[in-house]
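*Asks:* Dumping the structure here so I can ask a few things about it.
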Amino acid sequence: MNYDFKTAEAKWQKKWEESEAFKAEDNSDKKKFFALVEFPYPSGAGMHVGHIKAYSGLEVTSRKRRMEGFNVLFPIGWDAFGLNTENYAIKTKTHPRKVTMDNVAHFTAQLKRVGFSFDWSREINTTDEDYYKWTQWIFLKMFDNGLVFRDRTLVNYCPSCKVVLSNEDSQGGKCDVCHSDVVQRAKEVWYLRITAYADRLLTGLDTVDYPANVKAQQVNWIGRSEGAFVNFALAGTNEKLRIYTTRPDTLFGVTFMVMAPEHPLIDKYAEQIANFDEVKAYRAECAKKTEFERTQLVKDKTGVKLDGLCAVNPVNGKEIPIYIADYVMMGYGTGAIMAVPAHDQRDWEFAKKFGIDIIEVIKGGDIEKEAYAGDGEMVNSDFLDGLTDKKSSIAKMLEVLEERGLGEKGVQYKMKDWAFNRQRYWGEPIPIIHCPACGMVGVPYDELPLTLPKVENFEPGSDGESPLAKIDEFVNCTCPRCGGKAKRETDTMPQWAGSSWYYLRYCDPHNDTCLADPEKLNYWMPVDWYNGGMEHVTRHMIYSRFWHKFLYDIGAVPCEEPYAKRSIQGLILGPDGDKMSKSKGNVVDPLDVVDEYGADVLRTYVLFMGDYGQSAPWSDSSVKGCKRFIDRVWNLQTILNDSEEYSEKLETGFNKAVKKVGEDIENLKYNTAIAALMTLLNDIYDAGSITRKELKTFITLLNPFAPHVTEEINEVQNLGSMLAKAQWPTYDPDKCVDALIEIAVQVNGKLRARVMVPADADDAAALEIAKANADIAAQIEGKTLIKELYVKGRLVNIVVR
RNA sequence: GCGGAUAUGGUGAAAUUGGCAGACACGCAAGAUUUAGGUUCUUGUGCCGCAAGGCGUGCAGGUUCGAUUCCUGUUAUCCGCACCA
């Protein structure tokens, strides 16, 4: 009896669809479970095995939860705006809308062939007008609430994609899309004030269930530091040079100041700087370097002293020289620092190179050799002298600074405001109008969506202008406030916009009056379990948590955090152990596996290959092992008898398996859940026969992993209604242990024998049985008994001398 | 430099609060079935050793009757951030 997986899989996929087996119900009294997987970017390459692993985890959990009686929302959609599609569209001279629709159709067909239990009736697409209407609505709300601003700053610009990138999208100085070097450019661009939410993004982490490393990475990204702002007078002016430091306790050790080359005070006092030509030359040199180069030349400190300008130390009135150097960044703190070479290694290196004094203010290190950053007794520090720990020195210094009006406590974040714009076609148009009289005015809410004009030519301009700027009928408009002539903003939103709130739309995907009905949000939110990749932990997750908190503040969503629980799936590496990539030729196409072995084998294998959270290399021969398993499951029908009970032989095994599989699924240990089913299968074949009840239990447990073959067996053997609507099996805790169990017997901690004892044996009984064993008796013969113990169900250890 | 992780057979990996290291699977070997290949089935498989026995979870110590698990030190690899003041 051969299992024809091709026919069976197509058949069951159709049946599930027709019976709406996976449709989430609105207005239900049932307990809800909202399982979310990161919706894919529908690229031209089609589905990757990584997608399959990413969805298979919560796929299994969702199927189990439905069988447990939950109302499950397990949705899918398309994160379809973005540069990749647009670049492909330009290359092939096809409209990005068409490219997107083709790719979505391809992905959909592929996902359906794997048999995922998504609720397709809630499918969303970020490029649909009735979806991005609400993306624009959220943007306008942020605009109205002062979270949107424009600023002319140095931005990360990708010369190849001709687009401004956020810090997050240009990590390591490379464009996240095309990997070319990013350059710094002065440009007026849009920002979202995410830093206003920095503290809440941090404290919110205490209320959610994310893995520790995910939290750590977000904490690190937000990068909160506590310190002080201190104002140094510029000698001979009324100007204050404001700096930020985390070590105000070392203020008496300051021997020079450093400003970022771009610091505005340099131009303001250009006339007083005797060597301004030299300064200009240095600045020009710095501007040529990319930020990446600047941060790579860690060892070699460069800089120029500002002749004729010096600062005054506010606590002791000493005059100190000022330098500009590119190891100080304009983008962090105030763009200027107080340098304490004795206790900061970077300052120390700079001081050594430029022959500047080094004054020790904390004892404990050898400042001739290197800076000392540790704790110790304060010296050369006036009112701080004698204090011995950092905390009280900082507290004392802050007290004095605040008392004398010289500075104050302050907090800084590494996270910067979110550069929120693209000069490209394939994104949500930013719904703002520039009016010469009224300034920036939001597009009226009732005019949303502001749709992308349908154009032939969507190639980016060479000057960093959006292609939309070339379309007069789009650009020219009237000001909604004064009715005068005005121009539309032509930048579009970055790819991360649509994905920052998509989970909300799943709760009510077709609503035309608000982003989602509050009652439905109230029922479904928050997301109970969100699975995805590590690469989205700092960008997508922080962005969407920010949007969500804002939406909470304006009353649009019922809870403050979007995701109650987060898990991470590990990468699937190529068979050679390297990351899969087209250039290495080690990419595995999941549909090849479906064609050759069936969807159930693919699904089982990606979960069986190892710990769900770890990366693991693909192995074709292990796939065959899973194929063998599925075939052996199918062949259970050949040893089926007609009993409707558990057999005596297998009752404990089945109870154990029900317990283990259920628990393992909840703990993301899909690999050991499958292993437990394999063990049970081996036991069944050893027993030589299976009852109808046993078969029903077995296929129900396996159903979330391998839904097609189990449904087919269920139908062929007439074991009841569709498994998708069956009940998850229960177990009897009393029947999970065998009456007689094997335990280890150790003498002096070394394994010497194994004996059988009754499961409920007490210490005395177990020890008696152990000592009765001939090998053990020989081992302890004639020796003094020091200690003996029995660990219930595990082992006996007898210590003798 | 900061933060996080990982290290177990030939391979992917298992191992409740410290309690039989290597479950499960791959691979390999031998055998059975098959005209042959493939499939399927049976048996064996951590290392050394003929055996008794010994050795084994990156390395070196420690705590303990007992350590893959806890502590101290150390090495290697991977990931994220990074002249962050």
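Chain identifiers are assigned as A, B, and so on, following the order in which chains appear in the structure tokens; residues are numbered from 1 within each chain, and ligands are numbered from 1 in order of appearance.
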Check which residues of chain A sit at most 6 Å from chain B using only C-alpha atoms (C1' of nucleotides), and return one row each with the closest pair of atoms and their distance in Å to one decimal, ordered by chain and rising number, as CSV.
*Replies:*
```
residue,atom,partner,partner_atom,distance
A:Asn213,CA,B:G4,C1',5.7
A:Thr245,CA,B:A85,C1',5.6
A:Val298,CA,B:C83,C1',5.9
A:Tyr327,CA,B:C83,C1',4.8
A:Ile337,CA,B:A85,C1',5.9
A:Ser622,CA,B:C26,C1',5.2
A:Ala675,CA,B:C24,C1',4.6
A:Ala744,CA,B:C20,C1',5.2
A:Gly749,CA,B:G66,C1',5.3
```
*Asks:* Applying 12 Å and only C-alpha atoms (C1' of nucleotides), which residues near Ala766 in chain A remain after dropping the ones on its own chain fewer than 5 positions away? List them as a PDB file with C-alpha atoms, in the first residue's frame.
*Replies:*
```pdb
ATOM      1  CA  LEU A 740       8.758  -1.424  37.170  1.00  0.00           C
ATOM      2  CA  ILE A 741      11.612   0.891  36.247  1.00  0.00           C
ATOM      3  CA  GLU A 742      15.285   0.386  35.642  1.00  0.00           C
ATOM      4  CA  ILE A 743      17.613   2.429  37.821  1.00  0.00           C
ATOM      5  CA  ALA A 744      21.372   2.774  37.955  1.00  0.00           C
ATOM      6  CA  VAL A 745      23.366   1.577  40.920  1.00  0.00           C
ATOM      7  CA  ARG A 754      21.393  -1.630  36.703  1.00  0.00           C
ATOM      8  CA  VAL A 755      18.445  -3.086  38.575  1.00  0.00           C
ATOM      9  CA  MET A 756      14.686  -3.078  38.234  1.00  0.00           C
ATOM     10  CA  VAL A 757      12.701  -1.551  41.091  1.00  0.00           C
ATOM     11  CA  PRO A 758       9.004  -0.803  41.524  1.00  0.00           C
ATOM     12  CA  ALA A 759       8.308   2.819  40.549  1.00  0.00           C
ATOM     13  CA  ASP A 760       6.864   3.557  43.975  1.00  0.00           C
ATOM     14  CA  ALA A 761       9.659   1.898  45.970  1.00  0.00           C
ATOM     15  CA  LYS A 771      22.480  -4.448  47.464  1.00  0.00           C
ATOM     16  CA  ALA A 772      20.985  -7.783  46.574  1.00  0.00           C
ATOM     17  CA  ASN A 773      22.570  -7.488  43.129  1.00  0.00           C
ATOM     18  CA  GLU A 788      23.878   5.484  50.791  1.00  0.00           C
ATOM     19  CA  LEU A 789      21.155   7.277  48.924  1.00  0.00           C
ATOM     20  CA  TYR A 790      18.323   6.699  46.465  1.00  0.00           C
ATOM     21  CA  VAL A 791      17.210   9.337  43.989  1.00  0.00           C
ATOM     22  CA  LYS A 792      13.678   8.305  43.184  1.00  0.00           C
ATOM     23  CA  GLY A 793      13.326   6.781  39.750  1.00  0.00           C
ATOM     24  CA  ARG A 794      16.942   7.502  38.891  1.00  0.00           C
ATOM     25  CA  LEU A 795      19.710   5.817  40.820  1.00  0.00           C
ATOM     26  CA  VAL A 796      21.181   4.409  43.956  1.00  0.00           C
ATOM     27  CA  ASN A 797      24.606   5.496  45.131  1.00  0.00           C
ATOM     28  CA  ILE A 798      26.478   3.611  47.828  1.00  0.00           C
TER      29      ILE A 798
END
```
*Asks:* As a VMD selection string, please: every residue in range 400-614 of chain A that DSSP puts in strand (DSSP E).
*Replies:* chain A and resid 407 to 413 418 to 419 432 to 435 439 to 442 476 to 478 485 to 488 529 to 532 566 to 568 572 to 573
*Asks:* Among range 189-343 of chain A, which residues carry a DSSP assignment of helix (DSSP H, G or I), reported as a PyMOL selection string?
*Replies:* chain A and resi 194-207+212-222+248-253+264-268+270-272+276-288+291-296
*Asks:* Neighbours of Lys98 in chain A within 12 Å (only C-alpha atoms (C1' of nucleotides); same-chain residues fewer than 3 positions away dropped), as a ChimeraX atom specification?
*Replies:* /A:44,80,85-86,88-90,92-95,101-105,127,426,454
*Asks:* Have a look at A:His708, A:Asp592, A:Gly574, A:Thr652 and name the one nearest to Pro617 in chain A; count only C-alpha atoms.
*Replies:*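 Between A:His708, A:Asp592, A:Gly574, A:Thr652, the residue approaching Pro617 in chain A most closely is A:Gly574.
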*Asks:* Considering only C-alpha atoms (C1' of nucleotides), return as number ranges by chain whatever protein or nucleic-acid residues lie within 12 Å of G62 in chain B, sequence-local ones (same chain, fewer than 3 positions apart) excluded.
*Replies:* B: 67, 70-73
*Asks:* As a PyMOL selection string, please: the residues near Thr334 in chain A (cut-off 7 Å, only C-alpha atoms (C1' of nucleotides), same-chain neighbours under 4 positions excluded).
*Replies:* chain A and resi 242-244+330
*Asks:* Quote the spacing between CA of Lys14 in chain A and CA of Trp634 in chain A in Å to one decimal place.
*Replies:*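 Computed distance, CA of Lys14 in chain A to CA of Trp634 in chain A, equals 20.7 Å.
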*Asks:* I'd like the interatomic distance between CA of Phe107 in chain A and CA of Trp120 in chain A, to a tenth of an Å.
*Replies:*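 If I compute the distance from CA of Phe107 in chain A to CA of Trp120 in chain A, I get 12.9 Å.
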*Asks:* For Val441 in chain A, please output as a list in words all residues within 8 Å (counting only C-alpha atoms (C1' of nucleotides); exclusion window: fewer than 6 positions along the same chain).
*Replies:*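 Close residues of Val441 in chain A: Ile432, Ile433, His434, Cys435, Cys479, Pro480 and Arg481 of chain A.
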